[in-house]
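**Q** Dumping the structure here so I can ask a few things about it.
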Amino acid sequence: MADADEPAVELHDLGRDYGERAALRGVTITVPAGASLAVFGPNGAGKSTLLRLLATLLRPHRGHVRVLGRELPREGWAVRGRVGLLGHEPLLYRDLTGRENLRYQARLFGVDGARVEELLQRTGMARRADEPVRTLSRGMVQRLAVCRTVLHDPALLLLDEPLANLDPAAVEAVEPLIGRDAGRTRVVTSHDPDAGRRDADLVLGLRGGRAVIAAPARDVTEADVRALYR
Amino acid sequence: MRRTVAALLRKDVLLELRTKETVPAMALFAVTTFVVFHFALNRGSVSGDLAAGVLWVSLLFAAMLGINRLFVAEREQGGFDAFLLAPVDRTALLVAKAAALFAFLSVLELIAVPAFALLLLDPSPWPALPGLIGILVLANAGIAVIGTLASALAIQTRARDLIAPLLALPLLIPVVLAAAKASTPLLLAAGPGTVAARWPLVLALYDLVFALTAYAVFDFLLED
């Protein structure tokens, strides 16, 4: 088990390539347990790659990665089941209903079925939970994806633009589960410099796979973040 | 691992019942092939080695449809990522997919074998049935394991529809050969003869070798 005082995420000189192209180069940052890291950067900057690396879905090609006190990829087995990934894809089967999808996930994670019902209620999806996912709106699918992400009560949340497609009521429903007050360590990608910094303790700004900003949120201005996109 | 396999298998069966994308296509393909053979061979009925050959070639190509689709939902709907994020033994996916393919093949044969008997087979199928079921089970196990392995490899490529048969068919030739040799005496016009023990044994041994190979390498197929 990881020490409670140990950082939740430690990256040192992290690098990852896709063929000839370097997606991440020399990224170094430490995220304390319980803190929120906002990751900014233009499309293709390496944000999603970073989340997939932390989720153990990709292997680092250079540098060191420790997640929840475990070295990746060597101890990936100990990290799986303690992270929740909410990416651009909902990771739900379109021809199954929301409830069927969540029950399937609950069985994989050894979670009680009552947790599925609790989350469906909390996200306002209980009434539509027996409809196939392919018939639901993108916002509803995103709410189900939030349920899937927190189903096993993960210690580390990896969120890729988590509030995209959600209306204000849905945002209010999912905030207690994935928001800053959820009491979990969070790594959140965002394109909103204002809200993203407000919700974060630390900011990582990526451009071309390099960490252009790696600093406490209070030291980073909106102009610093906007400069990443120019 | 049993709980994980059960969860995966249950999900695959539920998806097939919901979409009906795989088994009906396999059954339709097999029956259509029998009809084509019926006219192409220009004979009303077949028996012996010809009957065994027609049956097993048709089942093999019908099985390829199932093999091609085995991991499509995992690839296209994020099932791989969702599974890899779970703290479970990854070999469970191999076992569950092979079990699902075995089940799909069994349902296919429930339709295809009577259709074969009706459309093409000269002798009555009933006396041959117990022996034939045993051979079908052994061959299904081989097709399921090899098919799952080939499908897991092919799904990572862009040309999966081409790669899966290219990988699976050469590996499945011994299965079809042994199954056809074992079935031939059961389908003789004069009535079922004795099946030589070596062909079912070859099938069983081949199944075992590939089950162990698949068990050893499957984890690496899921690695980034």
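Identifiers for the structure tokens are assigned positionally: chains receive A, B, ... in sequence, residues are indexed from 1 per chain, and ligands are indexed from 1 in the order shown.
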Could you list the residues in chain B lying within 8 Å of chain A, using only C-alpha atoms, and format the result as a list in words?
**A**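 In the required form, that comes to Arg3, Thr4, Ala7, Leu8, Lys11, Leu14, Leu15, Arg18, Thr19, Ala73, Gln77, Gly78, Gly79, Asp81, Ala82, Phe83, Leu84, Leu85, Ala86, Pro87, Val88 and Asp224 of chain B.
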**Q** Could you give me, as a PyMOL selection string, the residues within 9 Å of range 46-52 of chain B, counting only C-alpha atoms and dropping anything in the same chain fewer than 2 positions from it?
**A** chain B and resi 38+43-44+54-57+120-123+179-189
**Q** Do you know which residues are at most 7 Å from Ala100 in chain B counting only C-alpha atoms, after dropping those on the same chain fewer than 3 positions away, and could you put them as a PDB file with N, CA and C atoms, in the first residue's frame?
**A**
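And here's around21.pdb as it stands now:
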```
ATOM      1  N   LEU B   9     -18.504 -13.226 -20.116  1.00  0.00           N
ATOM      2  CA  LEU B   9     -19.300 -14.127 -20.959  1.00  0.00           C
ATOM      3  C   LEU B   9     -20.758 -13.677 -20.981  1.00  0.00           C
ATOM      4  N   ASP B  12     -21.070 -10.740 -23.246  1.00  0.00           N
ATOM      5  CA  ASP B  12     -20.988 -11.101 -24.672  1.00  0.00           C
ATOM      6  C   ASP B  12     -22.280 -11.758 -25.161  1.00  0.00           C
ATOM      7  N   ALA B  96     -13.060 -16.116 -21.533  1.00  0.00           N
ATOM      8  CA  ALA B  96     -14.447 -15.709 -21.794  1.00  0.00           C
ATOM      9  C   ALA B  96     -14.724 -15.621 -23.289  1.00  0.00           C
ATOM     10  N   LYS B  97     -13.779 -15.068 -24.047  1.00  0.00           N
ATOM     11  CA  LYS B  97     -13.996 -14.935 -25.495  1.00  0.00           C
ATOM     12  C   LYS B  97     -14.004 -16.310 -26.165  1.00  0.00           C
ATOM     13  N   ALA B 103     -19.654 -21.218 -27.662  1.00  0.00           N
ATOM     14  CA  ALA B 103     -21.123 -21.203 -27.565  1.00  0.00           C
ATOM     15  C   ALA B 103     -21.748 -20.817 -28.908  1.00  0.00           C
ATOM     16  N   PHE B 104     -21.170 -19.811 -29.572  1.00  0.00           N
ATOM     17  CA  PHE B 104     -21.708 -19.376 -30.871  1.00  0.00           C
ATOM     18  C   PHE B 104     -21.584 -20.512 -31.897  1.00  0.00           C
TER      19      PHE B 104
END
```
**Q** If DSSP is run on the backbone, what residues of chain B are alpha helix (DSSP H)? A reply as a VMD selection string would be ideal.
**A** chain B and resid 2 to 19 23 to 40 48 to 69 72 to 76 79 to 84 91 to 119 129 to 154 160 to 183 198 to 222
**Q** When distances are computed from only C-alpha atoms, which of A:Asp112, A:Pro42, A:Gly69, A:Glu75 shows the smallest separation from Arg230 in chain A?
**A**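 Among the listed residues, A:Pro42 lies closest to Arg230 in chain A.
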**Q** Quick one: distance from CA of Leu208 in chain B to CA of Leu221 in chain B in Å, one decimal?
**A** 19.7 Å
**Q** So that I can check the surroundings of Leu153 in chain B, please list as a PDB file with C-alpha atoms, in the first residue's frame every protein, DNA and RNA residue that reaches within 9 Å of it, counting only C-alpha atoms and ignoring chain neighbours fewer than 5 positions away.
**A**
```pdb
ATOM      1  CA  THR B 148      -9.735 -16.058 -30.174  1.00  0.00           C
ATOM      2  CA  ARG B 160      -8.607  -6.923 -39.301  1.00  0.00           C
ATOM      3  CA  ILE B 163      -5.639 -10.436 -41.083  1.00  0.00           C
ATOM      4  CA  ALA B 164      -7.932 -12.648 -38.974  1.00  0.00           C
ATOM      5  CA  LEU B 167      -3.777 -15.906 -39.333  1.00  0.00           C
ATOM      6  CA  LEU B 221      -1.416  -9.138 -26.876  1.00  0.00           C
TER       7      LEU B 221
END
```
**Q** Just the number, please: distance in Å from CA of Val141 in chain A to CA of Asp181 in chain A, one decimal.
**A** 22.9 Å
**Q** Please provide the set of residues having any atom within 10 Å of Val212 in chain A, restricted to only C-alpha atoms, with same-chain residues fewer than 6 positions apart removed, written as a ChimeraX atom specification.
**A** /A:27,40-41,204-206,224-225,228
**Q** Using N, CA and C atoms, can you write the selected residues to a file as an mmCIF file, in the first residue's frame?
**A**
```cif
data_model
loop_
_atom_site.group_PDB
_atom_site.id
_atom_site.type_symbol
_atom_site.label_atom_id
_atom_site.label_comp_id
_atom_site.auth_asym_id
_atom_site.auth_seq_id
_atom_site.Cartn_x
_atom_site.Cartn_y
_atom_site.Cartn_z
ATOM 1 N N VAL A 27 8.512 15.453 -19.184
ATOM 2 C CA VAL A 27 7.511 16.044 -18.277
ATOM 3 C C VAL A 27 7.830 15.645 -16.838
ATOM 4 N N PHE A 40 -3.469 21.877 -19.120
ATOM 5 C CA PHE A 40 -3.896 22.675 -20.263
ATOM 6 C C PHE A 40 -2.984 22.394 -21.455
ATOM 7 N N GLY A 41 -3.503 22.706 -22.627
ATOM 8 C CA GLY A 41 -2.673 22.569 -23.829
ATOM 9 C C GLY A 41 -3.542 22.438 -25.049
ATOM 10 N N LEU A 204 -0.426 22.247 -15.051
ATOM 11 C CA LEU A 204 0.572 21.738 -15.988
ATOM 12 C C LEU A 204 0.157 22.216 -17.377
ATOM 13 N N GLY A 205 1.014 22.957 -18.014
ATOM 14 C CA GLY A 205 0.726 23.443 -19.366
ATOM 15 C C GLY A 205 1.598 22.698 -20.368
ATOM 16 N N LEU A 206 0.963 22.028 -21.313
ATOM 17 C CA LEU A 206 1.713 21.242 -22.304
ATOM 18 C C LEU A 206 1.633 21.910 -23.673
ATOM 19 N N ASP A 224 -0.996 33.321 -18.968
ATOM 20 C CA ASP A 224 -0.006 32.229 -19.128
ATOM 21 C C ASP A 224 -0.646 31.045 -19.851
ATOM 22 N N VAL A 225 -1.869 30.712 -19.427
ATOM 23 C CA VAL A 225 -2.560 29.552 -20.018
ATOM 24 C C VAL A 225 -2.940 29.848 -21.461
ATOM 25 N N LEU A 228 -0.433 29.297 -24.194
ATOM 26 C CA LEU A 228 -0.187 27.917 -24.676
ATOM 27 C C LEU A 228 -0.863 27.656 -26.014
#
```
**Q** Rounded to one decimal place, report the CA of Phe37 in chain B-CA of Ala117 in chain B distance in Å.
**A**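 Distance between the two atoms: 12.9 Å.
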**Q** Can you pull out the residues contacting Thr123 in chain A? Cut-off 12 Å, using only C-alpha atoms, and skip same-chain residues under 6 positions away; I want them as a PDB file with N, CA and C atoms, in the first residue's frame.
**A**
```pdb
ATOM      1  N   GLY A  98     -27.743   1.423 -19.771  1.00  0.00           N
ATOM      2  CA  GLY A  98     -26.840   2.030 -18.787  1.00  0.00           C
ATOM      3  C   GLY A  98     -26.668   1.138 -17.571  1.00  0.00           C
ATOM      4  N   VAL A 116     -24.350   0.692  -7.886  1.00  0.00           N
ATOM      5  CA  VAL A 116     -24.822   1.074  -9.220  1.00  0.00           C
ATOM      6  C   VAL A 116     -26.102   1.897  -9.080  1.00  0.00           C
ATOM      7  N   GLU A 117     -27.040   1.383  -8.280  1.00  0.00           N
ATOM      8  CA  GLU A 117     -28.318   2.085  -8.108  1.00  0.00           C
ATOM      9  C   GLU A 117     -28.114   3.444  -7.448  1.00  0.00           C
ATOM     10  N   ALA A 129     -32.120   4.456 -17.134  1.00  0.00           N
ATOM     11  CA  ALA A 129     -31.041   3.463 -17.023  1.00  0.00           C
ATOM     12  C   ALA A 129     -31.327   2.157 -17.761  1.00  0.00           C
ATOM     13  N   GLY A 139     -25.014  14.004 -23.396  1.00  0.00           N
ATOM     14  CA  GLY A 139     -24.933  14.421 -21.996  1.00  0.00           C
ATOM     15  C   GLY A 139     -25.289  13.283 -21.048  1.00  0.00           C
ATOM     16  N   MET A 140     -26.315  12.527 -21.424  1.00  0.00           N
ATOM     17  CA  MET A 140     -26.717  11.389 -20.578  1.00  0.00           C
ATOM     18  C   MET A 140     -25.640  10.303 -20.579  1.00  0.00           C
ATOM     19  N   VAL A 141     -25.066  10.074 -21.749  1.00  0.00           N
ATOM     20  CA  VAL A 141     -23.988   9.078 -21.829  1.00  0.00           C
ATOM     21  C   VAL A 141     -22.816   9.526 -20.948  1.00  0.00           C
ATOM     22  N   GLN A 142     -22.554  10.837 -20.960  1.00  0.00           N
ATOM     23  CA  GLN A 142     -21.449  11.343 -20.138  1.00  0.00           C
ATOM     24  C   GLN A 142     -21.755  11.137 -18.647  1.00  0.00           C
ATOM     25  N   ARG A 143     -23.017  11.298 -18.261  1.00  0.00           N
ATOM     26  CA  ARG A 143     -23.394  11.054 -16.859  1.00  0.00           C
ATOM     27  C   ARG A 143     -23.172   9.589 -16.483  1.00  0.00           C
ATOM     28  N   LEU A 144     -23.523   8.692 -17.418  1.00  0.00           N
ATOM     29  CA  LEU A 144     -23.269   7.262 -17.165  1.00  0.00           C
ATOM     30  C   LEU A 144     -21.769   6.992 -17.082  1.00  0.00           C
ATOM     31  N   ALA A 145     -21.017   7.689 -17.931  1.00  0.00           N
ATOM     32  CA  ALA A 145     -19.561   7.507 -17.910  1.00  0.00           C
ATOM     33  C   ALA A 145     -18.981   7.975 -16.573  1.00  0.00           C
ATOM     34  N   VAL A 146     -19.569   9.029 -16.015  1.00  0.00           N
ATOM     35  CA  VAL A 146     -19.133   9.493 -14.685  1.00  0.00           C
ATOM     36  C   VAL A 146     -19.427   8.397 -13.648  1.00  0.00           C
ATOM     37  N   CYS A 147     -20.604   7.792 -13.739  1.00  0.00           N
ATOM     38  CA  CYS A 147     -20.956   6.685 -12.824  1.00  0.00           C
ATOM     39  C   CYS A 147     -19.904   5.573 -12.933  1.00  0.00           C
ATOM     40  N   ARG A 148     -19.566   5.211 -14.180  1.00  0.00           N
ATOM     41  CA  ARG A 148     -18.570   4.148 -14.388  1.00  0.00           C
ATOM     42  C   ARG A 148     -17.225   4.523 -13.767  1.00  0.00           C
ATOM     43  N   VAL A 150     -16.481   6.444 -11.204  1.00  0.00           N
ATOM     44  CA  VAL A 150     -16.379   6.486  -9.732  1.00  0.00           C
ATOM     45  C   VAL A 150     -16.993   5.247  -9.058  1.00  0.00           C
ATOM     46  N   LEU A 166     -22.227  18.434 -20.867  1.00  0.00           N
ATOM     47  CA  LEU A 166     -23.162  18.403 -19.734  1.00  0.00           C
ATOM     48  C   LEU A 166     -23.872  19.743 -19.584  1.00  0.00           C
ATOM     49  N   ALA A 169     -27.580  21.459 -14.983  1.00  0.00           N
ATOM     50  CA  ALA A 169     -28.152  20.542 -13.985  1.00  0.00           C
ATOM     51  C   ALA A 169     -27.292  19.287 -13.856  1.00  0.00           C
ATOM     52  N   ALA A 170     -26.801  18.807 -14.991  1.00  0.00           N
ATOM     53  CA  ALA A 170     -25.962  17.607 -14.969  1.00  0.00           C
ATOM     54  C   ALA A 170     -24.630  17.905 -14.284  1.00  0.00           C
ATOM     55  N   VAL A 171     -24.094  19.099 -14.558  1.00  0.00           N
ATOM     56  CA  VAL A 171     -22.834  19.490 -13.911  1.00  0.00           C
ATOM     57  C   VAL A 171     -23.019  19.477 -12.397  1.00  0.00           C
ATOM     58  N   GLU A 172     -24.157  20.017 -11.955  1.00  0.00           N
ATOM     59  CA  GLU A 172     -24.452  20.046 -10.515  1.00  0.00           C
ATOM     60  C   GLU A 172     -24.545  18.620  -9.946  1.00  0.00           C
ATOM     61  N   ALA A 173     -25.102  17.710 -10.747  1.00  0.00           N
ATOM     62  CA  ALA A 173     -25.277  16.325 -10.270  1.00  0.00           C
ATOM     63  C   ALA A 173     -23.950  15.581 -10.165  1.00  0.00           C
ATOM     64  N   VAL A 174     -23.042  15.843 -11.104  1.00  0.00           N
ATOM     65  CA  VAL A 174     -21.787  15.060 -11.103  1.00  0.00           C
ATOM     66  C   VAL A 174     -20.679  15.723 -10.284  1.00  0.00           C
ATOM     67  N   GLU A 175     -20.829  17.015  -9.970  1.00  0.00           N
ATOM     68  CA  GLU A 175     -19.778  17.724  -9.204  1.00  0.00           C
ATOM     69  C   GLU A 175     -19.395  17.005  -7.903  1.00  0.00           C
ATOM     70  N   PRO A 176     -20.379  16.567  -7.112  1.00  0.00           N
ATOM     71  CA  PRO A 176     -19.997  15.894  -5.851  1.00  0.00           C
ATOM     72  C   PRO A 176     -19.220  14.589  -6.077  1.00  0.00           C
ATOM     73  N   LEU A 177     -19.335  14.032  -7.280  1.00  0.00           N
ATOM     74  CA  LEU A 177     -18.659  12.761  -7.556  1.00  0.00           C
ATOM     75  C   LEU A 177     -17.253  12.966  -8.104  1.00  0.00           C
ATOM     76  N   ILE A 178     -17.095  13.956  -8.979  1.00  0.00           N
ATOM     77  CA  ILE A 178     -15.783  14.125  -9.631  1.00  0.00           C
ATOM     78  C   ILE A 178     -15.190  15.506  -9.407  1.00  0.00           C
TER      79      ILE A 178
END
```
**Q** Quick one: residues within 7 Å of range 202-205 of chain B, only C-alpha atoms counted, chain neighbours fewer than 6 positions away excluded, as a list in words?
**A**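 Contacts, in chain order: Leu138, Ala139, Val175 and Ala178 of chain B.
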**Q** Taking only C-alpha atoms into account, which of A:Ala223, A:Leu50, A:Leu72, A:Val187 comes nearest Asp17 in chain A?
**A**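 Using only C-alpha atoms, the shortest distance to Asp17 in chain A belongs to A:Leu50.
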**Q** Using backbone DSSP assignments, extract all strand (DSSP E) residues from range 129-184 of chain A; output them as an NGL selection string.
**A** :A and (156-160)
